[in-house]
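Chemist: Contents of run-v4.txt (compact mmCIF, C-alpha atoms and all ligand atoms) are below:
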```txt
# COMPACT_ATOMS: atom_id res chain seq x y z
CA ILE A 1 74.99 -129.41 100.85
CA LYS A 2 74.26 -128.24 104.38
CA GLN A 3 71.63 -129.64 106.71
CA LEU A 4 68.89 -130.18 104.16
CA ASN A 5 65.46 -131.01 105.53
CA LYS A 6 62.37 -131.86 103.56
CA VAL A 7 59.00 -133.09 104.78
CA PHE A 8 56.23 -134.14 102.41
CA ARG A 9 52.76 -133.67 103.85
CA SER A 10 49.59 -134.92 102.26
CA ARG A 11 46.21 -133.84 103.51
CA GLY A 12 43.99 -136.73 104.44
CA GLY A 13 40.84 -137.53 102.55
CA LEU A 14 37.70 -139.49 103.28
CA PHE A 15 39.42 -142.86 102.93
CA LYS A 16 42.99 -141.80 103.34
CA PRO A 17 44.70 -140.66 106.53
CA ALA A 18 46.90 -137.55 106.50
CA ARG A 19 50.51 -138.50 105.94
CA GLU A 20 53.83 -136.96 106.75
CA VAL A 21 57.08 -138.24 105.30
CA ARG A 22 60.43 -136.93 106.42
CA ALA A 23 62.16 -137.37 103.08
CA LEU A 24 65.38 -135.60 104.14
CA GLU A 25 66.68 -135.13 107.64
CA ASP A 26 69.76 -132.98 108.23
CA VAL A 27 71.55 -134.19 105.12
CA SER A 28 74.99 -132.61 104.77
CA LEU A 29 77.48 -133.52 102.09
CA THR A 30 80.50 -131.99 100.39
CA LEU A 31 81.63 -132.78 96.88
CA ALA A 32 85.06 -131.81 95.59
CA ARG A 33 85.47 -130.66 92.01
CA GLY A 34 85.89 -133.70 89.79
CA GLU A 35 84.66 -136.09 92.46
CA THR A 36 81.96 -138.71 91.92
CA VAL A 37 79.84 -139.36 94.97
CA GLY A 38 77.31 -142.18 94.94
CA ILE A 39 74.04 -141.99 96.82
CA VAL A 40 72.66 -145.43 97.60
CA GLY A 41 69.85 -146.70 99.77
CA GLU A 42 66.63 -148.65 99.49
CA SER A 43 63.54 -147.38 97.72
CA GLY A 44 62.02 -144.39 99.50
CA SER A 45 65.21 -143.51 101.40
CA GLY A 46 65.25 -139.98 99.96
CA LYS A 47 67.85 -140.26 97.19
CA SER A 48 65.78 -138.61 94.45
CA THR A 49 64.50 -135.94 96.83
CA LEU A 50 68.10 -135.06 97.64
CA GLY A 51 68.99 -134.90 93.92
CA ARG A 52 65.92 -132.81 93.12
CA CYS A 53 66.72 -130.37 95.93
CA VAL A 54 70.29 -130.02 94.65
CA VAL A 55 69.11 -129.07 91.13
CA ARG A 56 66.32 -126.98 92.65
CA LEU A 57 63.45 -128.97 91.17
CA GLU A 58 62.37 -129.35 94.76
CA HIS A 59 62.50 -126.79 97.49
CA PRO A 60 63.93 -127.97 100.82
CA ASP A 61 62.22 -126.79 104.03
CA SER A 62 65.59 -125.75 105.38
CA GLY A 63 69.27 -126.07 104.59
CA GLU A 64 71.72 -124.57 102.16
CA LEU A 65 73.29 -125.39 98.84
CA LEU A 66 76.64 -123.75 98.39
CA LEU A 67 78.51 -123.86 95.09
CA ASP A 68 81.97 -122.29 95.33
CA GLY A 69 80.59 -120.07 98.07
CA VAL A 70 77.48 -118.98 96.11
CA ASN A 71 74.40 -119.83 98.12
CA LEU A 72 72.08 -121.30 95.46
CA SER A 73 69.25 -121.80 97.93
CA GLN A 74 68.96 -118.04 98.51
CA LEU A 75 68.85 -117.06 94.84
CA LYS A 76 65.67 -116.00 93.10
CA GLY A 77 64.63 -114.58 89.73
CA ASP A 78 67.41 -113.42 87.41
CA ALA A 79 70.19 -114.31 89.82
CA LEU A 80 68.87 -117.88 90.01
CA ARG A 81 68.55 -118.07 86.23
CA ARG A 82 72.17 -117.01 85.88
CA GLU A 83 73.51 -119.64 88.29
CA ARG A 84 71.16 -122.57 87.91
CA HIS A 85 72.82 -123.93 84.74
CA ARG A 86 75.85 -124.83 86.91
CA VAL A 87 74.00 -127.87 88.27
CA GLN A 88 72.24 -130.15 85.79
CA MET A 89 70.36 -133.41 86.11
CA ILE A 90 70.21 -136.60 84.08
CA PHE A 91 67.03 -138.61 84.61
CA GLN A 92 66.24 -142.31 84.58
CA ASP A 93 64.18 -141.98 81.43
CA PRO A 94 65.19 -138.97 79.38
CA TYR A 95 62.35 -139.86 76.99
CA ALA A 96 59.91 -138.66 79.62
CA SER A 97 61.41 -135.18 79.40
CA LEU A 98 61.98 -135.11 75.63
CA ASN A 99 59.12 -133.66 73.61
CA PRO A 100 58.31 -136.19 70.84
CA ARG A 101 57.67 -133.35 68.36
CA THR A 102 60.94 -131.53 69.06
CA LYS A 103 64.00 -132.52 67.06
CA VAL A 104 66.88 -133.68 69.20
CA GLY A 105 69.11 -130.76 68.20
CA MET A 106 66.49 -128.25 69.28
CA ALA A 107 65.86 -130.14 72.54
CA ILE A 108 69.54 -129.71 73.37
CA ALA A 109 69.71 -126.11 72.12
CA GLN A 110 66.66 -124.90 74.10
CA GLY A 111 68.51 -124.33 77.38
CA PRO A 112 71.38 -122.31 75.88
CA ILE A 113 68.89 -120.30 73.72
CA ALA A 114 66.89 -119.45 76.85
CA ASN A 115 70.17 -118.27 78.38
CA GLY A 116 70.85 -115.90 75.48
CA THR A 117 72.88 -117.98 72.98
CA SER A 118 71.80 -117.42 69.35
CA LYS A 119 69.80 -120.23 67.78
CA ALA A 120 72.42 -120.90 65.10
CA THR A 121 75.25 -121.15 67.65
CA ALA A 122 73.20 -123.28 70.04
CA LEU A 123 72.26 -125.73 67.25
CA LYS A 124 75.86 -125.94 66.11
CA GLN A 125 76.95 -126.71 69.67
CA ALA A 126 74.15 -129.31 69.92
CA GLY A 127 75.68 -131.08 66.92
CA GLU A 128 79.13 -131.02 68.52
CA LEU A 129 77.73 -132.38 71.79
CA LEU A 130 75.84 -135.17 70.00
CA ASP A 131 79.09 -136.04 68.31
CA MET A 132 80.88 -136.01 71.67
CA VAL A 133 78.39 -138.47 73.20
CA GLY A 134 78.81 -140.79 70.23
CA LEU A 135 75.59 -140.19 68.28
CA GLY A 136 77.05 -138.09 65.47
CA ALA A 137 76.14 -134.49 64.62
CA SER A 138 73.45 -135.57 62.13
CA ALA A 139 71.30 -136.64 65.11
CA VAL A 140 70.23 -132.97 65.49
CA GLU A 141 67.71 -133.50 62.68
CA ARG A 142 66.14 -136.62 64.16
CA PHE A 143 63.31 -137.11 66.65
CA PRO A 144 63.60 -138.75 70.09
CA HIS A 145 61.58 -141.85 69.12
CA GLU A 146 64.18 -142.74 66.50
CA PHE A 147 66.65 -143.60 69.27
CA SER A 148 67.08 -146.58 71.59
CA GLY A 149 67.02 -146.26 75.40
CA GLY A 150 70.82 -146.13 75.65
CA GLN A 151 71.00 -143.57 72.85
CA ARG A 152 68.32 -141.45 74.50
CA GLN A 153 70.37 -141.47 77.67
CA ARG A 154 73.25 -140.06 75.60
CA ILE A 155 70.88 -137.33 74.38
CA GLY A 156 70.03 -136.59 78.02
CA ILE A 157 73.74 -136.30 78.81
CA ALA A 158 74.32 -133.99 75.81
CA ARG A 159 71.43 -131.84 76.94
CA ALA A 160 72.83 -131.53 80.46
CA LEU A 161 76.29 -130.67 79.08
CA ALA A 162 74.89 -127.99 76.76
CA LEU A 163 74.51 -125.71 79.78
CA ASN A 164 78.14 -126.07 80.78
CA PRO A 165 77.50 -127.45 84.27
CA GLU A 166 80.05 -127.97 87.02
CA LEU A 167 77.97 -130.58 88.81
CA ILE A 168 75.75 -133.24 87.29
CA VAL A 169 73.15 -135.11 89.31
CA ALA A 170 72.42 -138.47 87.69
CA ASP A 171 69.28 -140.12 89.13
CA GLU A 172 69.17 -143.81 88.22
CA ALA A 173 70.66 -142.73 84.90
CA VAL A 174 71.59 -146.24 83.78
CA SER A 175 69.10 -148.32 85.77
CA ALA A 176 66.68 -148.86 82.89
CA LEU A 177 69.41 -150.05 80.53
CA ASP A 178 70.66 -153.56 80.06
CA VAL A 179 74.05 -154.37 81.50
CA SER A 180 76.21 -153.98 78.39
CA ILE A 181 74.60 -150.64 77.52
CA GLN A 182 74.93 -149.58 81.17
CA ALA A 183 78.67 -150.13 80.92
CA GLN A 184 78.89 -148.00 77.76
CA VAL A 185 76.95 -145.10 79.26
CA LEU A 186 78.98 -145.28 82.49
CA GLU A 187 82.18 -145.23 80.45
CA LEU A 188 80.93 -142.16 78.57
CA LEU A 189 80.08 -140.38 81.83
CA GLU A 190 83.48 -141.22 83.24
CA GLU A 191 85.27 -139.95 80.14
CA LEU A 192 83.27 -136.69 79.99
CA LYS A 193 83.77 -136.14 83.68
CA GLN A 194 87.55 -136.34 83.30
CA ARG A 195 87.57 -134.19 80.20
CA LEU A 196 85.35 -131.42 81.61
CA SER A 197 86.38 -131.85 85.29
CA LEU A 198 82.78 -132.26 86.33
CA SER A 199 81.58 -133.38 89.72
CA LEU A 200 78.97 -136.09 89.72
CA LEU A 201 76.30 -136.94 92.26
CA PHE A 202 75.41 -140.44 91.17
CA ILE A 203 72.13 -141.73 92.57
CA THR A 204 71.49 -145.44 92.24
CA HIS A 205 69.89 -148.35 94.06
CA ASP A 206 72.55 -150.55 92.46
CA LEU A 207 75.58 -150.79 94.71
CA ARG A 208 77.58 -152.58 92.07
CA VAL A 209 77.18 -149.70 89.64
CA ALA A 210 78.07 -147.25 92.43
CA ALA A 211 81.22 -149.16 93.33
CA HIS A 212 82.21 -149.15 89.68
CA ILE A 213 82.00 -145.42 89.09
CA CYS A 214 82.11 -143.64 92.48
CA ASP A 215 85.05 -142.31 94.46
CA ARG A 216 82.93 -142.08 97.58
CA ILE A 217 79.61 -143.66 98.54
CA VAL A 218 76.94 -142.24 100.82
CA VAL A 219 74.33 -144.62 102.22
CA MET A 220 70.86 -143.26 102.99
CA GLN A 221 68.05 -144.70 105.08
CA HIS A 222 64.76 -142.96 105.95
CA GLY A 223 66.03 -139.59 104.74
CA ARG A 224 69.26 -139.70 106.71
CA ILE A 225 72.86 -140.45 105.87
CA VAL A 226 73.73 -143.56 107.86
CA GLU A 227 77.21 -144.22 106.56
CA GLN A 228 79.71 -142.87 104.06
CA GLY A 229 83.15 -143.83 102.94
CA SER A 230 85.32 -144.75 99.99
CA ALA A 231 83.75 -147.21 97.56
CA GLU A 232 86.23 -149.79 98.84
CA GLN A 233 85.36 -149.28 102.49
CA ILE A 234 81.60 -149.42 101.88
CA PHE A 235 81.95 -152.54 99.77
CA LEU A 236 84.56 -154.48 101.73
CA ALA A 237 84.08 -153.25 105.28
CA PRO A 238 80.60 -151.74 105.77
CA ARG A 239 80.09 -150.62 109.36
CA GLU A 240 76.30 -150.40 109.51
CA ALA A 241 73.96 -153.40 109.49
CA TYR A 242 71.77 -151.52 107.00
CA THR A 243 74.66 -151.27 104.52
CA GLN A 244 75.53 -154.94 105.08
CA ASP A 245 71.92 -155.83 104.22
CA LEU A 246 72.05 -153.72 101.05
CA LEU A 247 75.19 -155.62 100.04
CA LYS A 248 73.59 -158.98 100.82
CA ALA A 249 70.75 -158.11 98.45
CA ILE A 250 73.17 -158.08 95.51
CA PRO A 251 72.70 -161.34 93.62
P1 LIG B 1 63.63 -144.94 94.80
O1 LIG B 1 64.87 -145.77 94.99
O2 LIG B 1 62.40 -145.79 94.81
O3 LIG B 1 63.70 -144.02 93.64
P2 LIG B 1 64.21 -142.70 96.58
O4 LIG B 1 65.28 -143.05 97.56
O5 LIG B 1 64.58 -141.92 95.40
O6 LIG B 1 63.46 -144.05 96.16
P3 LIG B 1 62.41 -140.50 97.15
O7 LIG B 1 61.76 -140.47 95.84
O8 LIG B 1 63.39 -139.44 97.47
O9 LIG B 1 63.06 -141.93 97.42
O10 LIG B 1 61.27 -140.48 98.25
C1 LIG B 1 61.54 -140.34 99.64
C2 LIG B 1 60.24 -140.35 100.40
O11 LIG B 1 59.52 -139.15 100.11
C3 LIG B 1 59.31 -141.50 100.04
O12 LIG B 1 58.68 -141.94 101.21
C4 LIG B 1 58.30 -140.89 99.09
O13 LIG B 1 57.06 -141.51 99.20
C5 LIG B 1 58.24 -139.45 99.58
N1 LIG B 1 57.98 -138.50 98.48
C6 LIG B 1 58.80 -138.21 97.46
N2 LIG B 1 58.30 -137.28 96.64
C7 LIG B 1 57.09 -136.96 97.16
C8 LIG B 1 56.06 -136.04 96.79
N3 LIG B 1 56.19 -135.25 95.72
N4 LIG B 1 54.93 -136.00 97.56
C9 LIG B 1 54.81 -136.78 98.65
N5 LIG B 1 55.75 -137.64 99.06
C10 LIG B 1 56.88 -137.75 98.34
MG MG B 2 64.44 -142.25 93.32
```
Could you take the file, read its structure, and then write that structure out as structure tokens?
Ligand code: ATP
Ligand code: MG

Modeler:
Amino acid sequence: IKQLNKVFRSRGGLFKPAREVRALEDVSLTLARGETVGIVGESGSGKSTLGRCVVRLEHPDSGELLLDGVNLSQLKGDALRRERHRVQMIFQDPYASLNPRTKVGMAIAQGPIANGTSKATALKQAGELLDMVGLGASAVERFPHEFSGGQRQRIGIARALALNPELIVADEAVSALDVSIQAQVLELLEELKQRLSLSLLFITHDLRVAAHICDRIVVMQHGRIVEQGSAEQIFLAPREAYTQDLLKAIP
């Protein structure tokens, strides 16, 4: 991730002044294969914008995304379609992105089918993935509303994995879950990461969760990286006052 910049501009209206938010300012970051990097920072610091730029849901104003030397930010059309599966995202509430009328198996199979896998193969793989995330292959025939929040997060993980990614961006992926379910989902992510040698960009406002799962932690404030280091260094010896304040906020 090289020197990403993103400004959000809103035109003013009758009762609302024009607004300009620098959501990302010269953000550069390197992830090694298999590494988990945490992105922390207060609300509005630009964490989600960074994640969305990395999976190309958002278009940065400038900067580059390089994956093993392939410049994802330059790709368009077919070339982009071929490469984009390599980076997948897990959202805070996967329910928001699951169609209530689409069976879970089909929801997972959609991406691979769009990429040319046959429907039968994609559905079979969906069953295997649902098994891998602990829901059992029979979940393919069920609908999203039949699952709890923690289970839906497992569906979200299976759906991301269906595209065979090398990097997963998890944006507040466990924040909506209660603590014991959080631990289970984190454990699952950790296990899958090892097994598939995935890299993980783990976005969270919860420093405790970050310290638990991340090799390295990056602290953001107002769209900039203010500090980064090993989880241990950030937790035990934070250099910046901003990071110290974030730590103080932990109950
Ligand atoms: P949170 O912890 O609350 O999720 P965040 O660190 O993820 O916060 P972002 O969602 O990246 O923060 O937002 C960064 C800044 O960009 C905020 O000031 C936000 O208001 C602004 N912003 C984000 N998305 C948009 C958008 N689509 N249009 C206008 N402004 C936006
Ligand atoms: Mg966010």

Chemist: Using all atoms listed in the file, which of A:Glu190, A:Glu25, A:Asp78, A:Glu146 sits nearest Ile225 in chain A?

Modeler: A:Glu25

Chemist: Measuring between only C-alpha atoms, which one of A:His59, A:Arg101, A:Arg152, A:Lys193 shows the shortest distance to Pro165 in chain A?

Modeler: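 The closest residue to Pro165 in chain A is A:Lys193.
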
Chemist: Go through the chains and note each residue within 9 Å of ligand LIG 1 (chain B), using only C-alpha atoms and all ligand atoms, then give the set as a PyMOL selection string.

Modeler: chain A and resi 6-10+19-24+39-52+58+171-172+203-205+220-223

Chemist: Please give the centre and size of the box around range 163-170 of chain A (axis-aligned, containing every atom listed in the file, 6 Å added per side), with values in Å to one decimal and written as lines of an AutoDock Vina configuration file.

Modeler:
```
center_x = 76.2
center_y = -132.1
center_z = 84.5
size_x = 19.6
size_y = 24.8
size_z = 21.5
```

Chemist: I'd like the interatomic distance between CA of Leu80 in chain A and CA of Leu161 in chain A, to a tenth of an Å.

Modeler: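 About the pair CA of Leu80 in chain A and CA of Leu161 in chain A: they are 18.4 Å apart.
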
Chemist: For the atom pair CA of Gln153 in chain A and CA of Gln228 in chain A, what is the interatomic distance in Å to one decimal place?

Modeler: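 So the two atoms, CA of Gln153 in chain A and CA of Gln228 in chain A, lie 28.0 Å apart.
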
Chemist: Figure out the distance between CA of Glu166 in chain A and CA of Arg33 in chain A, please, to one decimal in Å.

Modeler: 7.8 Å

Chemist: Measuring atom to atom with all atoms listed in the file, identify which of A:Gly134, A:Arg208, A:Gln194, A:Phe202 is nearest to ligand MG 2 (chain B).

Modeler: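 Among the listed residues, A:Phe202 lies closest to ligand MG 2 (chain B).
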
Chemist: Compare A:Thr243, A:Gln92, A:Thr102, A:Gln184 by their minimum atom-to-atom distance to ligand MG 2 (chain B), counting all atoms listed in the file, and give me the closest one.

Modeler: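 Of A:Thr243, A:Gln92, A:Thr102, A:Gln184, the one nearest ligand MG 2 (chain B), counting all atoms listed in the file, is A:Gln92.
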
Chemist: Would you kindly return, as a PyMOL selection string, each protein, DNA or RNA residue with an atom no farther than 12 Å from any atom of Leu189 in chain A, considering all atoms listed in the file and excluding same-chain residues fewer than 4 positions away?

Modeler: chain A and resi 34+36+90+132-134+153-154+156-158+160-161+168-170+173-174+182-185+193-202+212-214

Chemist: Got a moment to write range 46-59 of chain A out with all heavy atoms, as an mmCIF file, in the first residue's frame?

Modeler:
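Output file result_22.cif follows:
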```
data_model
loop_
_atom_site.group_PDB
_atom_site.id
_atom_site.type_symbol
_atom_site.label_atom_id
_atom_site.label_comp_id
_atom_site.auth_asym_id
_atom_site.auth_seq_id
_atom_site.Cartn_x
_atom_site.Cartn_y
_atom_site.Cartn_z
ATOM 1 N N GLY A 46 -10.296 6.827 9.526
ATOM 2 C CA GLY A 46 -9.980 6.420 8.158
ATOM 3 C C GLY A 46 -9.739 4.928 7.981
ATOM 4 O O GLY A 46 -9.361 4.478 6.894
ATOM 5 N N LYS A 47 -10.000 4.144 9.020
ATOM 6 C CA LYS A 47 -9.718 2.700 8.963
ATOM 7 C C LYS A 47 -10.524 2.010 7.864
ATOM 8 O O LYS A 47 -9.978 1.269 7.042
ATOM 9 C CB LYS A 47 -10.046 2.046 10.319
ATOM 10 C CG LYS A 47 -9.389 2.705 11.508
ATOM 11 C CD LYS A 47 -9.700 1.992 12.812
ATOM 12 C CE LYS A 47 -11.172 1.998 13.228
ATOM 13 N NZ LYS A 47 -11.693 3.366 13.530
ATOM 14 N N SER A 48 -11.844 2.237 7.859
ATOM 15 C CA SER A 48 -12.687 1.569 6.858
ATOM 16 C C SER A 48 -12.357 2.061 5.449
ATOM 17 O O SER A 48 -12.358 1.280 4.499
ATOM 18 C CB SER A 48 -14.161 1.808 7.143
ATOM 19 O OG SER A 48 -14.526 1.187 8.348
ATOM 20 N N THR A 49 -12.075 3.351 5.325
ATOM 21 C CA THR A 49 -11.729 3.887 4.007
ATOM 22 C C THR A 49 -10.480 3.185 3.479
ATOM 23 O O THR A 49 -10.422 2.804 2.306
ATOM 24 C CB THR A 49 -11.492 5.410 4.092
ATOM 25 O OG1 THR A 49 -12.656 6.006 4.676
ATOM 26 C CG2 THR A 49 -11.257 6.003 2.718
ATOM 27 N N LEU A 50 -9.505 2.985 4.354
ATOM 28 C CA LEU A 50 -8.295 2.268 3.950
ATOM 29 C C LEU A 50 -8.652 0.860 3.478
ATOM 30 O O LEU A 50 -8.255 0.428 2.394
ATOM 31 C CB LEU A 50 -7.303 2.213 5.128
ATOM 32 C CG LEU A 50 -6.068 1.342 4.924
ATOM 33 C CD1 LEU A 50 -5.235 1.843 3.746
ATOM 34 C CD2 LEU A 50 -5.210 1.306 6.192
ATOM 35 N N GLY A 51 -9.451 0.140 4.299
ATOM 36 C CA GLY A 51 -9.851 -1.229 3.940
ATOM 37 C C GLY A 51 -10.599 -1.263 2.620
ATOM 38 O O GLY A 51 -10.341 -2.114 1.774
ATOM 39 N N ARG A 52 -11.515 -0.301 2.436
ATOM 40 C CA ARG A 52 -12.320 -0.285 1.217
ATOM 41 C C ARG A 52 -11.479 0.051 -0.017
ATOM 42 O O ARG A 52 -11.750 -0.441 -1.103
ATOM 43 C CB ARG A 52 -13.484 0.707 1.368
ATOM 44 C CG ARG A 52 -14.522 0.209 2.402
ATOM 45 C CD ARG A 52 -15.538 1.289 2.733
ATOM 46 N NE ARG A 52 -16.258 1.729 1.558
ATOM 47 C CZ ARG A 52 -17.320 1.100 1.033
ATOM 48 N NH1 ARG A 52 -17.758 0.012 1.616
ATOM 49 N NH2 ARG A 52 -17.898 1.553 -0.047
ATOM 50 N N CYS A 53 -10.454 0.880 0.173
ATOM 51 C CA CYS A 53 -9.547 1.160 -0.944
ATOM 52 C C CYS A 53 -8.745 -0.092 -1.296
ATOM 53 O O CYS A 53 -8.514 -0.384 -2.470
ATOM 54 C CB CYS A 53 -8.573 2.287 -0.592
ATOM 55 S SG CYS A 53 -9.323 3.923 -0.648
ATOM 56 N N VAL A 54 -8.341 -0.848 -0.277
ATOM 57 C CA VAL A 54 -7.514 -2.032 -0.522
ATOM 58 C C VAL A 54 -8.303 -3.094 -1.301
ATOM 59 O O VAL A 54 -7.763 -3.744 -2.191
ATOM 60 C CB VAL A 54 -6.962 -2.608 0.805
ATOM 61 C CG1 VAL A 54 -6.301 -3.965 0.599
ATOM 62 C CG2 VAL A 54 -5.969 -1.637 1.420
ATOM 63 N N VAL A 55 -9.603 -3.250 -1.000
ATOM 64 C CA VAL A 55 -10.396 -4.227 -1.766
ATOM 65 C C VAL A 55 -11.056 -3.587 -2.989
ATOM 66 O O VAL A 55 -11.847 -4.218 -3.671
ATOM 67 C CB VAL A 55 -11.485 -4.933 -0.917
ATOM 68 C CG1 VAL A 55 -10.863 -5.761 0.172
ATOM 69 C CG2 VAL A 55 -12.466 -3.945 -0.331
ATOM 70 N N ARG A 56 -10.750 -2.344 -3.227
ATOM 71 C CA ARG A 56 -11.243 -1.616 -4.391
ATOM 72 C C ARG A 56 -12.760 -1.396 -4.385
ATOM 73 O O ARG A 56 -13.394 -1.349 -5.418
ATOM 74 C CB ARG A 56 -10.800 -2.299 -5.695
ATOM 75 C CG ARG A 56 -9.304 -2.447 -5.789
ATOM 76 C CD ARG A 56 -8.666 -1.823 -6.977
ATOM 77 N NE ARG A 56 -9.557 -1.105 -7.871
ATOM 78 C CZ ARG A 56 -9.229 -0.708 -9.082
ATOM 79 N NH1 ARG A 56 -8.043 -0.979 -9.549
ATOM 80 N NH2 ARG A 56 -10.065 -0.041 -9.821
ATOM 81 N N LEU A 57 -13.327 -1.275 -3.195
ATOM 82 C CA LEU A 57 -14.718 -0.826 -3.101
ATOM 83 C C LEU A 57 -14.742 0.690 -3.158
ATOM 84 O O LEU A 57 -15.771 1.311 -3.377
ATOM 85 C CB LEU A 57 -15.342 -1.271 -1.772
ATOM 86 C CG LEU A 57 -15.772 -2.728 -1.685
ATOM 87 C CD1 LEU A 57 -16.221 -3.055 -0.274
ATOM 88 C CD2 LEU A 57 -16.882 -3.007 -2.674
ATOM 89 N N GLU A 58 -13.585 1.265 -2.892
ATOM 90 C CA GLU A 58 -13.431 2.712 -2.915
ATOM 91 C C GLU A 58 -12.225 3.010 -3.786
ATOM 92 O O GLU A 58 -11.291 2.210 -3.845
ATOM 93 C CB GLU A 58 -13.171 3.193 -1.480
ATOM 94 C CG GLU A 58 -13.381 4.646 -1.235
ATOM 95 C CD GLU A 58 -14.849 4.982 -1.038
ATOM 96 O OE1 GLU A 58 -15.413 4.622 0.003
ATOM 97 O OE2 GLU A 58 -15.411 5.598 -1.958
ATOM 98 N N HIS A 59 -12.291 4.135 -4.454
ATOM 99 C CA HIS A 59 -11.195 4.482 -5.349
ATOM 100 C C HIS A 59 -10.353 5.593 -4.725
ATOM 101 O O HIS A 59 -10.860 6.688 -4.498
ATOM 102 C CB HIS A 59 -11.782 4.945 -6.679
ATOM 103 C CG HIS A 59 -10.855 4.708 -7.795
ATOM 104 N ND1 HIS A 59 -10.628 3.453 -8.316
ATOM 105 C CD2 HIS A 59 -10.053 5.554 -8.472
ATOM 106 C CE1 HIS A 59 -9.730 3.552 -9.269
ATOM 107 N NE2 HIS A 59 -9.368 4.807 -9.391
#
```
